[in-house]
file entry-v6.pdb (PDB, C-alpha atoms)
ATOM      1  CA  MET Q 151       0.000   0.000   0.000
ATOM      2  CA  ILE Q 152       2.863   2.392   0.769
ATOM      3  CA  TRP Q 153       4.469   1.548  -2.580
ATOM      4  CA  LEU Q 154       1.179   2.187  -4.380
ATOM      5  CA  THR Q 155       0.820   5.531  -2.602
ATOM      6  CA  TRP Q 156       4.327   6.480  -3.687
ATOM      7  CA  ARG Q 157       3.607   5.580  -7.312
ATOM      8  CA  GLN Q 158       0.402   7.611  -7.292
ATOM      9  CA  HIS Q 159       2.061  10.702  -5.841
ATOM     10  CA  ARG Q 160       5.597  10.569  -7.198
ATOM     11  CA  ARG Q 161       4.820  13.229  -9.812
ATOM     12  CA  GLN Q 162       3.595  15.589  -7.102
ATOM     13  CA  ALA Q 163       6.729  14.808  -5.079
ATOM     14  CA  LEU Q 164       8.909  15.593  -8.100
ATOM     15  CA  PHE Q 165       7.161  18.891  -8.739
ATOM     16  CA  THR Q 166       7.521  19.782  -5.064
ATOM     17  CA  LEU Q 167      11.269  19.103  -5.159
ATOM     18  CA  LEU Q 168      11.621  21.181  -8.312
ATOM     19  CA  GLY Q 169       9.681  23.972  -6.619
ATOM     20  CA  PHE Q 170      12.028  23.839  -3.625
ATOM     21  CA  ALA Q 171      15.040  23.976  -5.934
ATOM     22  CA  ALA Q 172      13.642  27.000  -7.780
ATOM     23  CA  LEU Q 173      12.802  28.714  -4.490
ATOM     24  CA  ALA Q 174      16.309  28.097  -3.159
ATOM     25  CA  ALA Q 175      17.845  29.444  -6.377
ATOM     26  CA  LEU Q 176      15.865  32.654  -5.879
ATOM     27  CA  MET Q 177      16.126  33.106  -2.115
ATOM     28  CA  VAL Q 178      19.728  32.099  -1.345
ATOM     29  CA  PRO Q 179      21.350  34.920  -3.396
ATOM     30  CA  ILE Q 180      18.970  37.440  -1.801
ATOM     31  CA  GLY Q 181      19.780  36.098   1.664
ATOM     32  CA  LEU Q 182      23.519  36.357   1.011
ATOM     33  CA  SER Q 183      23.092  39.908  -0.307
ATOM     34  CA  MET Q 184      21.192  40.917   2.845
ATOM     35  CA  ARG Q 185      23.945  39.505   5.040
ATOM     36  CA  ASN Q 186      26.641  41.380   3.101
ATOM     37  CA  THR Q 187      24.712  44.644   3.507
ATOM     38  CA  TRP Q 188      24.172  43.852   7.181
ATOM     39  CA  ALA Q 189      27.921  43.457   7.679
ATOM     40  CA  ASP Q 190      28.785  46.578   5.651
ATOM     41  CA  LEU Q 191      26.478  48.712   7.801
ATOM     42  CA  GLY Q 192      27.916  47.273  11.016
ATOM     43  CA  LEU Q 193      24.495  46.273  12.269
ATOM     44  CA  ALA Q 194      25.744  43.191  14.104
ATOM     45  CA  ASP Q 195      27.480  45.514  16.576
ATOM     46  CA  CYS Q 196      24.259  47.499  16.905
ATOM     47  CA  VAL Q 197      22.314  44.397  17.878
ATOM     48  CA  ARG Q 198      24.844  43.627  20.616
ATOM     49  CA  GLN Q 199      24.945  47.214  21.870
ATOM     50  CA  LEU Q 200      21.170  47.616  21.993
ATOM     51  CA  ALA Q 201      20.856  44.412  23.988
ATOM     52  CA  ALA Q 202      22.860  45.984  26.819
ATOM     53  CA  PRO Q 203      21.143  48.044  29.541
ATOM     54  CA  ASN Q 204      21.362  51.836  29.612
ATOM     55  CA  VAL Q 205      22.310  52.353  25.981
ATOM     56  CA  ALA Q 206      23.334  55.898  25.157
ATOM     57  CA  ALA Q 207      20.882  57.891  23.057
ATOM     58  CA  THR Q 208      23.548  58.627  20.421
ATOM     59  CA  ILE Q 209      24.240  54.915  19.906
ATOM     60  CA  ARG Q 210      20.538  54.162  19.678
ATOM     61  CA  ASP Q 211      19.980  56.923  17.121
ATOM     62  CA  THR Q 212      22.943  55.785  15.019
ATOM     63  CA  CYS Q 213      21.765  52.181  15.049
ATOM     64  CA  ASP Q 214      18.189  53.157  14.247
ATOM     65  CA  ALA Q 215      19.474  55.056  11.219
ATOM     66  CA  GLY Q 216      21.397  51.969  10.065
ATOM     67  CA  PHE Q 217      18.372  49.730  10.545
ATOM     68  CA  HIS Q 218      16.281  52.244   8.600
ATOM     69  CA  ARG Q 219      18.722  52.210   5.682
ATOM     70  CA  PHE Q 220      18.706  48.417   5.644
ATOM     71  CA  THR Q 221      14.901  48.111   5.689
ATOM     72  CA  ASN Q 222      14.532  50.773   2.983
ATOM     73  CA  ARG Q 223      16.930  48.903   0.720
ATOM     74  CA  TYR Q 224      15.042  45.620   1.070
ATOM     75  CA  SER Q 225      11.492  46.968   1.512
ATOM     76  CA  SER Q 226      10.468  45.407  -1.818
ATOM     77  CA  LEU Q 227      10.903  41.970  -0.223
ATOM     78  CA  ASN Q 228       7.662  42.508   1.702
ATOM     79  CA  LEU Q 229       5.752  41.423  -1.402
ATOM     80  CA  VAL Q 230       7.952  38.335  -1.722
ATOM     81  CA  ALA Q 231       7.266  37.479   1.915
ATOM     82  CA  VAL Q 232       3.505  37.762   1.353
ATOM     83  CA  LEU Q 233       3.762  35.392  -1.624
ATOM     84  CA  LEU Q 234       5.767  32.922   0.455
ATOM     85  CA  LEU Q 235       2.869  32.744   2.922
ATOM     86  CA  THR Q 236       0.842  30.913   0.259
ATOM     87  CA  LEU Q 237       3.150  27.896   0.030
ATOM     88  CA  PRO Q 238       1.511  25.820   2.816
ATOM     89  CA  VAL Q 239      -1.951  26.203   1.298
ATOM     90  CA  LEU Q 240      -0.587  25.197  -2.113
ATOM     91  CA  VAL Q 241       0.453  21.890  -0.578
ATOM     92  CA  GLY Q 242      -3.076  21.482   0.744
ATOM     93  CA  LEU Q 243      -4.569  22.295  -2.653
ATOM     94  CA  PHE Q 244      -2.426  19.977  -4.736
ATOM     95  CA  TRP Q 245      -1.651  17.215  -2.215
ATOM     96  CA  GLY Q 246      -4.657  17.103   0.097
ATOM     97  CA  ALA Q 247      -7.716  18.023  -1.965
ATOM     98  CA  PRO Q 248      -7.156  15.477  -4.794
ATOM     99  CA  LEU Q 249      -6.381  12.607  -2.396
ATOM    100  CA  VAL Q 250      -9.983  11.423  -2.085
ATOM    101  CA  ALA Q 251     -11.794  13.714  -4.522
ATOM    102  CA  ARG Q 252      -9.807  12.449  -7.525
ATOM    103  CA  GLU Q 253     -10.507   8.803  -6.676
ATOM    104  CA  VAL Q 254     -14.246   9.451  -6.354
ATOM    105  CA  GLU Q 255     -14.442  11.787  -9.358
ATOM    106  CA  GLN Q 256     -12.744   9.246 -11.616
ATOM    107  CA  GLY Q 257     -14.605   6.307 -10.080
ATOM    108  CA  THR Q 258     -11.440   4.410  -9.168
ATOM    109  CA  HIS Q 259     -12.536   4.183  -5.541
ATOM    110  CA  ARG Q 260     -14.936   1.391  -6.498
ATOM    111  CA  PHE Q 261     -12.007  -0.736  -7.611
ATOM    112  CA  VAL Q 262      -9.590   0.243  -4.825
ATOM    113  CA  TRP Q 263     -11.990  -0.435  -1.977
ATOM    114  CA  THR Q 264     -13.135  -3.852  -3.258
ATOM    115  CA  GLN Q 265      -9.720  -5.533  -3.466
ATOM    116  CA  GLY Q 266      -9.547  -6.873   0.075
ATOM    117  CA  LEU Q 267      -8.109  -3.631   1.403
ATOM    118  CA  GLY Q 268     -10.429  -1.990   3.910
ATOM    119  CA  ARG Q 269     -11.351   1.644   3.563
ATOM    120  CA  THR Q 270      -9.976   2.479   6.989
ATOM    121  CA  ARG Q 271      -6.586   0.956   6.245
ATOM    122  CA  TRP Q 272      -6.496   2.634   2.845
ATOM    123  CA  ALA Q 273      -7.278   6.003   4.415
ATOM    124  CA  VAL Q 274      -4.813   5.642   7.296
ATOM    125  CA  VAL Q 275      -1.938   4.658   5.007
ATOM    126  CA  LYS Q 276      -2.679   7.228   2.316
ATOM    127  CA  PHE Q 277      -3.287  10.055   4.757
ATOM    128  CA  GLY Q 278      -0.289   9.099   6.876
ATOM    129  CA  VAL Q 279       2.183   8.956   3.975
ATOM    130  CA  VAL Q 280       1.034  12.241   2.494
ATOM    131  CA  ALA Q 281       0.976  13.970   5.905
ATOM    132  CA  ALA Q 282       4.487  12.713   6.708
ATOM    133  CA  ALA Q 283       5.791  13.997   3.371
ATOM    134  CA  ALA Q 284       4.104  17.352   3.999
ATOM    135  CA  VAL Q 285       5.699  17.617   7.451
ATOM    136  CA  LEU Q 286       9.174  16.938   6.029
ATOM    137  CA  ALA Q 287       8.684  19.536   3.302
ATOM    138  CA  ALA Q 288       7.376  22.095   5.802
ATOM    139  CA  ALA Q 289      10.277  21.485   8.190
ATOM    140  CA  GLY Q 290      12.780  22.174   5.414
ATOM    141  CA  TYR Q 291      10.835  25.240   4.367
ATOM    142  CA  GLY Q 292      10.706  26.574   7.943
ATOM    143  CA  LEU Q 293      14.452  26.134   8.447
ATOM    144  CA  GLY Q 294      15.240  27.827   5.143
ATOM    145  CA  MET Q 295      12.932  30.748   5.832
ATOM    146  CA  SER Q 296      14.358  31.181   9.340
ATOM    147  CA  TRP Q 297      17.792  31.674   7.784
ATOM    148  CA  TRP Q 298      16.466  33.979   5.069
ATOM    149  CA  VAL Q 299      14.422  36.382   7.213
ATOM    150  CA  GLU Q 300      16.909  36.688  10.098
ATOM    151  CA  PRO Q 301      18.421  40.025   8.956
ATOM    152  CA  LEU Q 302      14.937  41.434   8.249
ATOM    153  CA  THR Q 303      13.647  40.491  11.689
ATOM    154  CA  GLN Q 304      16.688  41.910  13.470
ATOM    155  CA  ALA Q 305      16.315  45.204  11.612
ATOM    156  CA  ALA Q 306      12.569  45.517  12.208
ATOM    157  CA  ARG Q 307      11.395  47.062  15.485
ATOM    158  CA  GLU Q 308       8.787  44.304  15.991
ATOM    159  CA  GLY Q 309      11.428  41.583  15.468
ATOM    160  CA  ARG Q 310      10.436  37.955  14.926
ATOM    161  CA  LEU Q 311       6.916  38.520  16.258
ATOM    162  CA  GLY Q 312       5.965  40.642  13.248
ATOM    163  CA  MET Q 313       2.737  39.620  11.541
ATOM    164  CA  ILE Q 314       4.319  38.236   8.356
ATOM    165  CA  VAL Q 315       7.781  37.092   9.449
ATOM    166  CA  PHE Q 316       6.359  35.107  12.381
ATOM    167  CA  ASP Q 317       4.362  32.983   9.918
ATOM    168  CA  LEU Q 318       7.340  32.252   7.687
ATOM    169  CA  GLN Q 319       9.878  30.810  10.089
ATOM    170  CA  GLY Q 320      10.371  28.406  12.952
ATOM    171  CA  VAL Q 321       8.031  25.448  13.372
ATOM    172  CA  VAL Q 322       4.671  27.072  12.559
ATOM    173  CA  PRO Q 323       4.950  26.234   8.810
ATOM    174  CA  ILE Q 324       4.695  22.578   9.871
ATOM    175  CA  GLY Q 325       1.375  23.238  11.582
ATOM    176  CA  TYR Q 326       0.066  25.336   8.693
ATOM    177  CA  THR Q 327       1.016  22.749   6.072
ATOM    178  CA  LEU Q 328      -0.366  19.780   7.981
ATOM    179  CA  PHE Q 329      -3.597  21.698   8.576
ATOM    180  CA  ALA Q 330      -3.860  22.630   4.880
ATOM    181  CA  VAL Q 331      -3.386  18.995   3.798
ATOM    182  CA  ALA Q 332      -5.955  17.734   6.315
ATOM    183  CA  LEU Q 333      -8.377  20.459   5.278
ATOM    184  CA  GLY Q 334      -7.968  19.484   1.626
ATOM    185  CA  ILE Q 335      -8.574  15.816   2.411
ATOM    186  CA  VAL Q 336     -11.766  16.559   4.333
ATOM    187  CA  ALA Q 337     -12.993  18.877   1.587
ATOM    188  CA  GLY Q 338     -12.410  16.071  -0.913
ATOM    189  CA  THR Q 339     -14.603  13.704   1.096
ATOM    190  CA  VAL Q 340     -17.475  16.220   1.195
ATOM    191  CA  TRP Q 341     -17.208  17.854  -2.229
ATOM    192  CA  LYS Q 342     -16.296  14.859  -4.354
ATOM    193  CA  ARG Q 343     -14.852  16.832  -7.252
ATOM    194  CA  MET Q 344     -11.392  18.291  -7.196
ATOM    195  CA  LEU Q 345     -12.118  21.899  -8.188
ATOM    196  CA  PRO Q 346     -14.848  22.513  -5.585
ATOM    197  CA  ALA Q 347     -12.703  20.759  -2.970
ATOM    198  CA  MET Q 348      -9.739  22.972  -3.814
ATOM    199  CA  GLY Q 349     -11.867  26.118  -3.673
ATOM    200  CA  VAL Q 350     -13.285  25.217  -0.268
ATOM    201  CA  THR Q 351      -9.800  24.363   0.998
ATOM    202  CA  LEU Q 352      -8.429  27.743  -0.075
ATOM    203  CA  ALA Q 353     -11.301  29.745   1.439
ATOM    204  CA  ALA Q 354     -11.326  27.824   4.727
ATOM    205  CA  PHE Q 355      -7.546  27.974   5.118
ATOM    206  CA  ILE Q 356      -7.445  31.746   4.620
ATOM    207  CA  GLY Q 357     -10.336  32.242   7.035
ATOM    208  CA  VAL Q 358      -8.869  30.110   9.825
ATOM    209  CA  ARG Q 359      -5.363  31.528   9.429
ATOM    210  CA  ALA Q 360      -6.616  35.106   9.530
ATOM    211  CA  ALA Q 361      -8.807  34.417  12.567
ATOM    212  CA  VAL Q 362      -5.953  32.833  14.510
ATOM    213  CA  ALA Q 363      -3.423  35.537  13.622
ATOM    214  CA  ILE Q 364      -5.742  38.444  14.412
ATOM    215  CA  LEU Q 365      -7.950  37.136  17.207
ATOM    216  CA  ALA Q 366      -6.025  34.388  18.988
ATOM    217  CA  ARG Q 367      -2.289  35.065  18.684
ATOM    218  CA  PRO Q 368      -2.232  38.361  20.622
ATOM    219  CA  HIS Q 369      -3.761  36.533  23.605
ATOM    220  CA  TYR Q 370      -1.565  33.424  23.849
ATOM    221  CA  GLN Q 371      -0.051  35.041  26.941
ATOM    222  CA  PRO Q 372      -1.187  38.057  28.966
ATOM    223  CA  ALA Q 373       0.322  41.150  27.380
ATOM    224  CA  ARG Q 374       2.693  43.334  29.353
ATOM    225  CA  THR Q 375       2.219  47.047  29.965
ATOM    226  CA  LEU Q 376       4.995  49.605  29.584
ATOM    227  CA  THR Q 377       4.674  53.232  30.681
ATOM    228  CA  PHE Q 378       7.149  56.106  30.437
ATOM    229  CA  PRO Q 379       6.820  59.884  30.793
ATOM    230  CA  ILE Q 380       6.221  62.153  27.843
ATOM    231  CA  VAL Q 381       8.923  64.561  29.063
ATOM    232  CA  GLY Q 382      12.464  63.282  28.636
ATOM    233  CA  THR Q 383      15.069  62.511  26.012
ATOM    234  CA  ASP Q 384      15.007  58.731  26.243
ATOM    235  CA  GLY Q 385      12.176  56.391  25.366
ATOM    236  CA  PRO Q 386      11.735  52.847  26.654
ATOM    237  CA  GLN Q 387      14.459  50.276  26.149
ATOM    238  CA  ALA Q 388      12.174  47.229  26.009
ATOM    239  CA  ASP Q 389      10.181  47.886  22.840
ATOM    240  CA  ARG Q 390      12.650  46.722  20.159
ATOM    241  CA  GLY Q 391      11.786  43.181  19.149
ATOM    242  CA  GLY Q 392       8.513  43.250  21.056
ATOM    243  CA  TRP Q 393       5.108  43.098  19.421
ATOM    244  CA  ILE Q 394       3.249  46.299  20.290
ATOM    245  CA  LEU Q 395      -0.477  45.511  20.395
ATOM    246  CA  ALA Q 396      -1.660  48.993  21.364
ATOM    247  CA  GLN Q 397      -0.153  52.290  22.394
ATOM    248  CA  GLY Q 398      -1.157  55.827  23.193
ATOM    249  CA  VAL Q 399      -0.894  58.714  25.614
ATOM    250  CA  ARG Q 400      -2.835  58.630  28.891
ATOM    251  CA  ASN Q 401      -3.578  61.310  31.433
ATOM    252  CA  PRO Q 402      -2.730  60.683  35.105
ATOM    253  CA  ASP Q 403      -6.235  59.290  35.714
ATOM    254  CA  GLY Q 404      -5.690  56.664  32.982
ATOM    255  CA  THR Q 405      -7.845  58.306  30.316
ATOM    256  CA  LEU Q 406      -6.559  57.631  26.809
ATOM    257  CA  VAL Q 407      -6.222  61.020  25.120
ATOM    258  CA  ALA Q 408      -4.215  60.037  22.019
ATOM    259  CA  GLU Q 409      -4.328  56.596  20.424
ATOM    260  CA  ASP Q 410      -1.670  54.840  18.306
ATOM    261  CA  THR Q 411       0.976  57.454  19.026
ATOM    262  CA  ARG Q 412       3.587  58.514  21.548
ATOM    263  CA  ILE Q 413       4.901  61.896  22.667
ATOM    264  CA  GLN Q 414       8.517  62.581  23.575
ATOM    265  CA  CYS Q 415       9.235  66.150  24.606
ATOM    266  CA  PRO Q 416      12.671  67.418  25.665
ATOM    267  CA  PRO Q 417      12.669  68.924  29.161
ATOM    268  CA  GLY Q 418      11.729  72.605  29.281
ATOM    269  CA  VAL Q 419      10.290  72.722  25.756
ATOM    270  CA  THR Q 420       6.906  74.449  25.384
ATOM    271  CA  ALA Q 421       4.582  75.260  22.508
ATOM    272  CA  PRO Q 422       4.889  78.691  20.782
ATOM    273  CA  ASP Q 423       1.893  79.925  22.751
ATOM    274  CA  GLY Q 424       3.589  78.968  26.018
ATOM    275  CA  ARG Q 425       1.471  75.918  26.745
ATOM    276  CA  PRO Q 426       3.174  72.683  27.908
ATOM    277  CA  CYS Q 427       4.186  70.087  25.333
ATOM    278  CA  GLY Q 428       1.181  68.073  24.178
ATOM    279  CA  ALA Q 429      -1.407  70.460  25.593
ATOM    280  CA  GLU Q 430      -3.087  70.747  22.179
ATOM    281  CA  LEU Q 431      -4.070  67.065  22.529
ATOM    282  CA  GLY Q 432      -5.617  67.554  25.948
ATOM    283  CA  VAL Q 433      -2.584  66.197  27.777
ATOM    284  CA  GLU Q 434      -2.526  67.118  31.454
ATOM    285  CA  PRO Q 435       0.521  67.449  33.741
ATOM    286  CA  GLY Q 436       1.751  63.995  34.708
ATOM    287  CA  ALA Q 437       0.544  62.347  31.478
ATOM    288  CA  TYR Q 438       2.514  59.361  30.240
ATOM    289  CA  ASN Q 439       3.049  57.151  27.211
ATOM    290  CA  TRP Q 440       1.440  53.721  27.404
ATOM    291  CA  GLN Q 441       2.181  50.528  25.467
ATOM    292  CA  LEU Q 442       0.594  47.092  25.560
ATOM    293  CA  TYR Q 443       3.018  44.563  24.087
ATOM    294  CA  GLN Q 444       4.174  40.964  23.860
ATOM    295  CA  PRO Q 445       7.915  40.732  24.662
ATOM    296  CA  ALA Q 446      10.347  39.363  22.113
ATOM    297  CA  ASP Q 447      11.433  36.432  24.287
ATOM    298  CA  ARG Q 448       8.005  34.820  23.854
ATOM    299  CA  PHE Q 449       8.694  34.009  20.195
ATOM    300  CA  TRP Q 450       9.288  30.274  20.645
ATOM    301  CA  LEU Q 451       6.461  29.960  23.158
ATOM    302  CA  PHE Q 452       4.063  31.523  20.653
ATOM    303  CA  GLN Q 453       5.493  29.305  17.904
ATOM    304  CA  GLY Q 454       4.836  26.203  19.982
ATOM    305  CA  ILE Q 455       1.312  27.267  20.919
ATOM    306  CA  GLU Q 456       0.291  28.079  17.365
ATOM    307  CA  THR Q 457       1.901  24.956  15.918
ATOM    308  CA  GLY Q 458       0.134  22.809  18.502
ATOM    309  CA  LEU Q 459      -3.174  24.488  17.697
ATOM    310  CA  PHE Q 460      -2.935  23.774  13.969
ATOM    311  CA  VAL Q 461      -1.622  20.245  14.489
ATOM    312  CA  ALA Q 462      -4.593  19.523  16.773
ATOM    313  CA  LEU Q 463      -6.969  20.883  14.119
ATOM    314  CA  ALA Q 464      -5.252  18.727  11.504
ATOM    315  CA  VAL Q 465      -5.574  15.560  13.621
ATOM    316  CA  LEU Q 466      -9.273  16.290  14.168
ATOM    317  CA  LEU Q 467      -9.819  16.860  10.447
ATOM    318  CA  LEU Q 468      -7.996  13.638   9.514
ATOM    319  CA  TYR Q 469     -10.165  11.717  11.966
ATOM    320  CA  LEU Q 470     -13.275  13.206  10.365
ATOM    321  CA  ALA Q 471     -11.894  12.367   6.921
ATOM    322  CA  VAL Q 472     -11.430   8.687   7.852
ATOM    323  CA  ARG Q 473     -15.031   8.560   9.082
ATOM    324  CA  ARG Q 474     -16.243  10.219   5.888
ATOM    325  CA  VAL Q 475     -14.345   7.747   3.703
ATOM    326  CA  ARG Q 476     -16.159   4.876   5.400
ATOM    327  CA  ARG Q 477     -19.500   6.414   4.402
ATOM    328  CA  ILE Q 478     -18.813   7.239   0.729
ATOM    329  CA  ALA Q 479     -21.070   5.158  -1.501
TER     330      ALA Q 479
END

call {"tool": "encode", "arguments": {"input": "entry-v6.pdb", "output": "structure tokens"}}
result
Amino acid sequence: MIWLTWRQHRRQALFTLLGFAALAALMVPIGLSMRNTWADLGLADCVRQLAAPNVAATIRDTCDAGFHRFTNRYSSLNLVAVLLLTLPVLVGLFWGAPLVAREVEQGTHRFVWTQGLGRTRWAVVKFGVVAAAAVLAAAGYGLGMSWWVEPLTQAAREGRLGMIVFDLQGVVPIGYTLFAVALGIVAGTVWKRMLPAMGVTLAAFIGVRAAVAILARPHYQPARTLTFPIVGTDGPQADRGGWILAQGVRNPDGTLVAEDTRIQCPPGVTAPDGRPCGAELGVEPGAYNWQLYQPADRFWLFQGIETGLFVALAVLLLYLAVRRVRRIA
């Protein structure tokens, strides 16, 4: 049965390997170019210096300027990163959806399931082999992307917890890919033609991924609160690499007077009309900047939680798919 599964899917495996080779040929030169620029700008020293406590404002400003130059040079890669997010769902579309739907659409299931091989065994072997291959492919993809995006994540203020780069690296691609394959298999047992099954797989995958990223991920752990005065020359030291969920300016009683912004006024500076800094926004004496954020050191914890969530969904979907196979006429 394993040999038969390999023969049925060896063309898909070949195309997947060719796709990986083409992706590597495109991404490796870009990754090497980013690392050369990173070294030329001396940003490795900046990362070390900013990790130390009580960094001087001049060093922080110089490093921020270097990070800004780096991100401006490679800002066009944001589109490439968005396109790379589609790779797990492509595996679900072309590996998962046809697994059952193609057999039923072509009528070959009547022959396969009447040759002394039970439907349950057929489903377990087929689903298991394809899922294992998907996991191996996703693991290689996650490792490669972790290497590729490392300079981008170190230069970005939100670090590895950024909305797009978080989804590209680490172990979460394994969860996404396994979920996409399982979703495609289930869709193929309900909509017994490949094109409808692929369409449902695509729509459901996008919906679940967006819901988890927007609604669930910010709450994997209780967010931390950071406050600092609006008067002073130095801002907080803990925000680089952290994922800022919300920020604003609050009055001493906690009222939010300015949302999605921060105020930093040098001591003794007033407005032209003599009013204190920020008075035009309704800021009262004693007001402070407020941030709600997830710290950078929670990256691997969040990766594990999200991977576990999608793996659990995939296992549930595969169980439902096995039950559906047993009921197909």

call {"tool": "closest_residue", "arguments": {"input": "entry-v6.pdb", "among": "Q:Leu352, Q:Cys196, Q:Ile455, Q:Ala174", "to": "Q:Pro368", "atoms": "all atoms listed in the file"}}
result
Q:Ile455

call {"tool": "resolve_selection", "arguments": {"input": "entry-v6.pdb", "expression": "the PyMOL selection byres ((chain Q and resi 238-245) around 8)", "output": "ChimeraX atom specification"}}
result
/Q:162,235-237,246-249,280,284,288,323,326-334,348,351-352,355

call {"tool": "resolve_selection", "arguments": {"input": "entry-v6.pdb", "expression": "the PyMOL selection byres ((chain Q and resi 213) around 10)", "output": "mmCIF file with C-alpha atoms, in the frame of the given file"}}
result
data_model
loop_
_atom_site.group_PDB
_atom_site.id
_atom_site.type_symbol
_atom_site.label_atom_id
_atom_site.label_comp_id
_atom_site.auth_asym_id
_atom_site.auth_seq_id
_atom_site.Cartn_x
_atom_site.Cartn_y
_atom_site.Cartn_z
ATOM 1 C CA LEU Q 191 26.478 48.712 7.801
ATOM 2 C CA GLY Q 192 27.916 47.273 11.016
ATOM 3 C CA LEU Q 193 24.495 46.273 12.269
ATOM 4 C CA ALA Q 194 25.744 43.191 14.104
ATOM 5 C CA ASP Q 195 27.480 45.514 16.576
ATOM 6 C CA CYS Q 196 24.259 47.499 16.905
ATOM 7 C CA VAL Q 197 22.314 44.397 17.878
ATOM 8 C CA GLN Q 199 24.945 47.214 21.870
ATOM 9 C CA LEU Q 200 21.170 47.616 21.993
ATOM 10 C CA ALA Q 207 20.882 57.891 23.057
ATOM 11 C CA THR Q 208 23.548 58.627 20.421
ATOM 12 C CA ILE Q 209 24.240 54.915 19.906
ATOM 13 C CA ARG Q 210 20.538 54.162 19.678
ATOM 14 C CA ASP Q 211 19.980 56.923 17.121
ATOM 15 C CA THR Q 212 22.943 55.785 15.019
ATOM 16 C CA ASP Q 214 18.189 53.157 14.247
ATOM 17 C CA ALA Q 215 19.474 55.056 11.219
ATOM 18 C CA GLY Q 216 21.397 51.969 10.065
ATOM 19 C CA PHE Q 217 18.372 49.730 10.545
ATOM 20 C CA HIS Q 218 16.281 52.244 8.600
ATOM 21 C CA ARG Q 219 18.722 52.210 5.682
ATOM 22 C CA ALA Q 305 16.315 45.204 11.612
#

call {"tool": "atom_distance", "arguments": {"input": "entry-v6.pdb", "atom1": "atom CA of Q:Glu253", "atom2": "atom CA of Q:Ile335"}}
result
11.6 Å

call {"tool": "closest_residue", "arguments": {"input": "entry-v6.pdb", "among": "Q:Arg252, Q:Leu229, Q:Pro203, Q:Glu456", "to": "Q:Trp341", "atoms": "only C-alpha atoms"}}
result
Q:Arg252

call {"tool": "residues_near_point", "arguments": {"input": "entry-v6.pdb", "point": "(-14.9, 3.7, 7.6)", "cutoff": "10 Å", "atoms": "all atoms listed in the file", "output": "CSV table (one decimal) with C-alpha atoms, keeping the file's coordinate frame"}}
result
chain,number,residue,atom,x,y,z
Q,268,GLY,CA,-10.4,-2.0,3.9
Q,269,ARG,CA,-11.4,1.6,3.6
Q,270,THR,CA,-10.0,2.5,7.0
Q,271,ARG,CA,-6.6,1.0,6.2
Q,272,TRP,CA,-6.5,2.6,2.8
Q,273,ALA,CA,-7.3,6.0,4.4
Q,471,ALA,CA,-11.9,12.4,6.9
Q,472,VAL,CA,-11.4,8.7,7.9
Q,473,ARG,CA,-15.0,8.6,9.1
Q,474,ARG,CA,-16.2,10.2,5.9
Q,475,VAL,CA,-14.3,7.7,3.7
Q,476,ARG,CA,-16.2,4.9,5.4
Q,477,ARG,CA,-19.5,6.4,4.4
Q,478,ILE,CA,-18.8,7.2,0.7

call {"tool": "residues_around", "arguments": {"input": "entry-v6.pdb", "residues": "stretch 309-318 of chain Q", "least_positions_apart": "2", "cutoff": "7 Å", "atoms": "all atoms listed in the file", "output": "JSON, numbers by chain"}}
result
{"Q": [235, 292, 295, 303, 304, 306, 307, 322, 323, 391, 392, 393, 446, 449]}

call {"tool": "write_last_selection", "arguments": {"input": "entry-v6.pdb", "atoms": "C-alpha atoms", "output": "PDB file, keeping the file's coordinate frame"}}
result
ATOM      1  CA  LEU Q 235       2.869  32.744   2.922  1.00  0.00           C
ATOM      2  CA  GLY Q 292      10.706  26.574   7.943  1.00  0.00           C
ATOM      3  CA  MET Q 295      12.932  30.748   5.832  1.00  0.00           C
ATOM      4  CA  THR Q 303      13.647  40.491  11.689  1.00  0.00           C
ATOM      5  CA  GLN Q 304      16.688  41.910  13.470  1.00  0.00           C
ATOM      6  CA  ALA Q 306      12.569  45.517  12.208  1.00  0.00           C
ATOM      7  CA  ARG Q 307      11.395  47.062  15.485  1.00  0.00           C
ATOM      8  CA  VAL Q 322       4.671  27.072  12.559  1.00  0.00           C
ATOM      9  CA  PRO Q 323       4.950  26.234   8.810  1.00  0.00           C
ATOM     10  CA  GLY Q 391      11.786  43.181  19.149  1.00  0.00           C
ATOM     11  CA  GLY Q 392       8.513  43.250  21.056  1.00  0.00           C
ATOM     12  CA  TRP Q 393       5.108  43.098  19.421  1.00  0.00           C
ATOM     13  CA  ALA Q 446      10.347  39.363  22.113  1.00  0.00           C
ATOM     14  CA  PHE Q 449       8.694  34.009  20.195  1.00  0.00           C
TER      15      PHE Q 449
END

call {"tool": "residues_around", "arguments": {"input": "entry-v6.pdb", "residues": "Q:Phe378", "least_positions_apart": "2", "cutoff": "10 Å", "atoms": "all atoms listed in the file", "output": "PDB file with C-alpha atoms, keeping the file's coordinate frame"}}
result
ATOM      1  CA  LEU Q 376       4.995  49.605  29.584  1.00  0.00           C
ATOM      2  CA  ILE Q 380       6.221  62.153  27.843  1.00  0.00           C
ATOM      3  CA  VAL Q 381       8.923  64.561  29.063  1.00  0.00           C
ATOM      4  CA  GLY Q 382      12.464  63.282  28.636  1.00  0.00           C
ATOM      5  CA  ASP Q 384      15.007  58.731  26.243  1.00  0.00           C
ATOM      6  CA  GLY Q 385      12.176  56.391  25.366  1.00  0.00           C
ATOM      7  CA  PRO Q 386      11.735  52.847  26.654  1.00  0.00           C
ATOM      8  CA  VAL Q 399      -0.894  58.714  25.614  1.00  0.00           C
ATOM      9  CA  ARG Q 412       3.587  58.514  21.548  1.00  0.00           C
ATOM     10  CA  ILE Q 413       4.901  61.896  22.667  1.00  0.00           C
ATOM     11  CA  GLN Q 414       8.517  62.581  23.575  1.00  0.00           C
ATOM     12  CA  ALA Q 437       0.544  62.347  31.478  1.00  0.00           C
ATOM     13  CA  TYR Q 438       2.514  59.361  30.240  1.00  0.00           C
ATOM     14  CA  ASN Q 439       3.049  57.151  27.211  1.00  0.00           C
ATOM     15  CA  TRP Q 440       1.440  53.721  27.404  1.00  0.00           C
ATOM     16  CA  GLN Q 441       2.181  50.528  25.467  1.00  0.00           C
TER      17      GLN Q 441
END
